Amino acid sequence: MTETPAKPGPGPVALAAMAVGVVLALLAAWYLWDRFGPEEPDPCGPGLSTVDGECIGVSDGGGKPFMDKLAQVMARIKEENDRIDDQTHVTIALMIPMTSDHEEVREQILHEVQGAYIAQYFANGATKAEKQSGGEHPKIRLVLANPGKNRDQWRPVADQLAELAADKKHNLRTVFGFDLSVQPTADAIAYLTKEKKIPVVGGPITGNEFTGYPLFARIAPTNSDQADALIHFDRKLDLEHAILVKDTRADPYNESLLQAYERKLHRSPHEPMPFESEGTDVEGGLSSEFKRMATDICVLRPQVNTVYFAGRPTHLRQFLNELARNRPCKQEPFTVVSGSGASTLYADKELDWDALRGLQGDGGRWEGKVTVLYTSISHPDGWLSTRPKPPETGGSPAVVRELMRRLEAPPPVGPIGPADIYDSRTVSVHDSAKTAIAGIRLHAENRKSGYIPTLREIGTDWNALRGVHKVDGASGWICIDNQGNAYNKAVAVVRLDPEVRAERPTFVGLAWPEKSPPPKGQEGSGACQIPRTG
């Protein structure tokens, strides 16, 4: 019997070729799936994409929270957006960084988002009185636009907002917020208003340069207005012997604060002391430089006891610590004056309160303390205090009380996380949202149900928000002039007194850029009139 010989198997070369073929086939399949297969959703959620570990883009409150602190308030925003989704509505967008590397800034962001949500929720007719007022249409949808903690993703986010403005379902009509006077903020506002024709309402941005944009308004007094108000308020400030410490880094807030203070200190014999920071929240190596300044200030003649500081709050805290710890003349008291950026200083855990308190003498009296005096966009005691009694015009105690009540409201309004209105962030963003909504609804009045105002109607008519149409904000009356600025806006003068070291800054009084509160106006006509200039 003859055996059939076995067929030889594939040789090494053939096996290698087969392996290469399998690998190539797998790579081709992977490429085709990656290129044409279903797209994997971004873990951040709809409307968002992951960029350098951040969720960048526009959120309706759903998906992954930008940071844990925002989880509760974002959930409430999503609920309210879903509730009004099938009703005639417009969209407004809060555009601020939604996270930070600094704990105190993360607190500010929470307060700003809370303020925006409260404005949305109660604008949608959440109370019986508001439902009966007839002014609750169109409904308000709120989205959160995150340009990144460095604000460097503002362009693609602005393009997303422009798509929402063109979408008949979403009808985005205003972008508001913008909480820091820095160049990316200016670039974003210019792009939105000039290129995309979208109206913008600024929140706590006070730089003088933020004016002259088309379709733009803001609710905060400029740095120059704040400086004027402070000088009108406190005639005891020693301008003739004061010294200016200034940040020379290009920064709109620093520059306008510097211009305002230089104008006031023109008779001082002391040359300003300059420094250059590395960034808005970057401490850098300034401590040794501030220590030298503290020593030099002590030997100036005539003697200096008032320092004007034109710089960001991070660098103000560094300067205060060095002045309090290391100046040779520790028995001498000092007042350091700064702008509204200092509103968050009281919450800075690195501020050395013990050093600021100075020296305790034999009788228990403190000597040589360092006090901080600054202007703030708001302080609740401005309208709720009895000493000094608030003016009859320029603001409303009832509005402040109502905002405080709403921030602590139980479900279905809350929970929204721990609230705090003493850093002015909640109030300023709440009032900018309220102004945006007022501008939208002004053009929906006396129109048929379901009318949606155009972008142009809203943006070219911000200056209609004056007189009887003024916005009664929690920070005071908001009356928009022809340049888009808030005219004669109330300025809270606030003090950080280390001897008291209260959990909250101490309210000193209200001040006015035009020296006094708005006139009452005739019965029925309202106040908040803007005089002609030029």
# chains A, B, ... in the order shown; residues from 1 in each chain; ligands from 1
>>> closest_atom_pairs(of="segment 381-470 of chain A", to="segment 329-350 of chain A", cutoff="12 Å", atoms="only C-alpha atoms", output="tab-separated table")
residue	atom	partner	partner_atom	distance
A:Asp420	CA	A:Ala347	CA	10.8
A:Ile421	CA	A:Ser343	CA	10.6
A:Tyr422	CA	A:Ser343	CA	7.9
A:Asp423	CA	A:Ser343	CA	5.1
A:Ser424	CA	A:Ser343	CA	6.8
A:Arg425	CA	A:Ser343	CA	8.6
A:Thr426	CA	A:Thr344	CA	11.7
A:Ser428	CA	A:Ser340	CA	11.4
>>> write_last_selection(atoms="C-alpha atoms", output="compact mmCIF listing (two decimals), in the first residue's frame")
# COMPACT_ATOMS: atom_id res chain seq x y z
CA ASP A 420 -22.18 84.48 49.78
CA ILE A 421 -23.01 87.93 48.41
CA TYR A 422 -20.32 89.88 50.24
CA ASP A 423 -17.66 89.48 47.52
CA SER A 424 -20.04 91.23 45.07
CA ARG A 425 -19.66 88.45 42.47
CA THR A 426 -23.12 86.97 42.95
CA SER A 428 -22.80 91.69 39.76
>>> residues_around(residues="segment 112-127 of chain A", least_positions_apart="2", cutoff="7 Å", atoms="only C-alpha atoms", output="number ranges by chain")
A: 73, 77, 80, 108-110, 129-131, 136, 139-140, 142, 416, 425-427, 429-430, 433-434
>>> select_by_dssp(residues="segment 250-452 of chain A", states="alpha helix (DSSP H)", output="PyMOL selection string")
chain A and resi 252-264+286-298+313-326+353-357+381-384+397-407+425-442
>>> residues_around(residues="Pro184 of chain A", least_positions_apart="6", cutoff="12 Å", atoms="only C-alpha atoms", output="PyMOL selection string")
chain A and resi 95-97+147-155+158+178+190-191+210+251-252
>>> residues_around(residues="segment 232-238 of chain A", least_positions_apart="3", cutoff="9 Å", atoms="only C-alpha atoms", output="PyMOL selection string")
chain A and resi 227-229+241-242+304-306+493+509-516
>>> select_by_dssp(residues="segment 29-149 of chain A", states="strand (DSSP E or B)", output="list of chain:residue names")
A:Leu48, A:Ser49, A:Thr50, A:Val51, A:Glu54, A:Cys55, A:Ile56, A:Gly57, A:Val58, A:Ser59, A:His89, A:Val90, A:Thr91, A:Ile92, A:Ala93, A:Leu94, A:Met95, A:Lys139, A:Ile140, A:Arg141, A:Leu142, A:Val143, A:Leu144, A:Ala145, A:Asn146
>>> write_last_selection(atoms="N, CA, C and O atoms", output="CSV table (one decimal), in the first residue's frame")
chain,number,residue,atom,x,y,z
A,48,LEU,N,-19.7,70.2,24.6
A,48,LEU,CA,-18.4,70.4,25.2
A,48,LEU,C,-17.3,69.5,24.7
A,48,LEU,O,-17.7,68.4,24.2
A,49,SER,N,-16.1,69.9,24.8
A,49,SER,CA,-15.0,69.0,24.3
A,49,SER,C,-13.9,69.2,25.3
A,49,SER,O,-13.7,70.2,26.0
A,50,THR,N,-13.1,68.2,25.5
A,50,THR,CA,-12.0,68.2,26.4
A,50,THR,C,-10.7,68.8,25.8
A,50,THR,O,-10.3,68.4,24.7
A,51,VAL,N,-10.2,69.9,26.4
A,51,VAL,CA,-9.0,70.6,25.9
A,51,VAL,C,-8.1,70.8,27.1
A,51,VAL,O,-8.5,71.5,28.1
A,54,GLU,N,-9.7,70.3,30.5
A,54,GLU,CA,-10.9,71.1,30.8
A,54,GLU,C,-12.0,70.8,29.9
A,54,GLU,O,-11.8,70.4,28.7
A,55,CYS,N,-13.2,71.0,30.4
A,55,CYS,CA,-14.4,70.9,29.5
A,55,CYS,C,-14.7,72.2,29.0
A,55,CYS,O,-15.1,73.2,29.7
A,56,ILE,N,-14.4,72.4,27.7
A,56,ILE,CA,-14.5,73.7,27.0
A,56,ILE,C,-15.8,73.7,26.1
A,56,ILE,O,-16.1,72.7,25.4
A,57,GLY,N,-16.5,74.8,26.1
A,57,GLY,CA,-17.7,74.9,25.3
A,57,GLY,C,-18.9,75.4,26.0
A,57,GLY,O,-18.8,76.1,27.0
A,58,VAL,N,-20.1,75.0,25.5
A,58,VAL,CA,-21.3,75.6,26.0
A,58,VAL,C,-22.2,74.5,26.6
A,58,VAL,O,-22.5,73.5,25.9
A,59,SER,N,-22.6,74.6,27.8
A,59,SER,CA,-23.4,73.6,28.5
A,59,SER,C,-24.8,74.2,28.9
A,59,SER,O,-24.9,75.3,29.3
A,89,HIS,N,-39.1,80.8,24.0
A,89,HIS,CA,-38.0,81.2,24.9
A,89,HIS,C,-36.8,81.7,24.1
A,89,HIS,O,-36.7,81.5,22.8
A,90,VAL,N,-35.9,82.5,24.8
A,90,VAL,CA,-34.7,82.9,24.2
A,90,VAL,C,-33.6,82.3,25.1
A,90,VAL,O,-33.8,81.9,26.2
A,91,THR,N,-32.3,82.4,24.6
A,91,THR,CA,-31.2,81.9,25.4
A,91,THR,C,-30.3,83.0,25.7
A,91,THR,O,-30.0,83.9,24.9
A,92,ILE,N,-29.8,83.0,27.0
A,92,ILE,CA,-28.7,84.0,27.4
A,92,ILE,C,-27.6,83.1,27.8
A,92,ILE,O,-27.8,82.0,28.4
A,93,ALA,N,-26.4,83.6,27.6
A,93,ALA,CA,-25.2,82.8,27.9
A,93,ALA,C,-24.3,83.5,28.9
A,93,ALA,O,-23.9,84.7,28.7
A,94,LEU,N,-23.9,82.9,30.0
A,94,LEU,CA,-22.9,83.4,30.9
A,94,LEU,C,-21.5,82.9,30.5
A,94,LEU,O,-21.3,81.7,30.5
A,95,MET,N,-20.7,83.9,30.1
A,95,MET,CA,-19.4,83.5,29.6
A,95,MET,C,-18.3,83.9,30.6
A,95,MET,O,-18.0,85.1,30.7
A,139,LYS,N,-39.7,83.2,27.8
A,139,LYS,CA,-39.0,82.5,28.8
A,139,LYS,C,-37.5,82.6,28.6
A,139,LYS,O,-37.0,82.8,27.5
A,140,ILE,N,-36.7,82.3,29.6
A,140,ILE,CA,-35.3,82.5,29.6
A,140,ILE,C,-34.6,81.1,29.8
A,140,ILE,O,-34.8,80.5,30.8
A,141,ARG,N,-33.8,80.8,28.8
A,141,ARG,CA,-33.0,79.6,28.8
A,141,ARG,C,-31.6,80.1,29.1
A,141,ARG,O,-31.1,81.0,28.5
A,142,LEU,N,-30.9,79.4,30.0
A,142,LEU,CA,-29.5,79.8,30.4
A,142,LEU,C,-28.5,78.8,30.1
A,142,LEU,O,-28.7,77.6,30.3
A,143,VAL,N,-27.4,79.2,29.4
A,143,VAL,CA,-26.3,78.3,29.2
A,143,VAL,C,-25.0,78.8,29.7
A,143,VAL,O,-24.9,80.1,29.9
A,144,LEU,N,-24.1,78.0,30.0
A,144,LEU,CA,-22.8,78.3,30.6
A,144,LEU,C,-21.7,78.1,29.6
A,144,LEU,O,-21.6,77.0,29.0
A,145,ALA,N,-21.0,79.2,29.2
A,145,ALA,CA,-20.0,79.2,28.2
A,145,ALA,C,-18.6,79.3,28.8
A,145,ALA,O,-18.3,80.3,29.4
A,146,ASN,N,-17.8,78.2,28.7
A,146,ASN,CA,-16.5,78.1,29.4
A,146,ASN,C,-15.4,78.3,28.3
A,146,ASN,O,-15.2,77.4,27.5
>>> closest_residue(among="A:Tyr451, A:His111, A:Arg83, A:Cys44", to="Phe66 of chain A", atoms="only C-alpha atoms")
A:Cys44
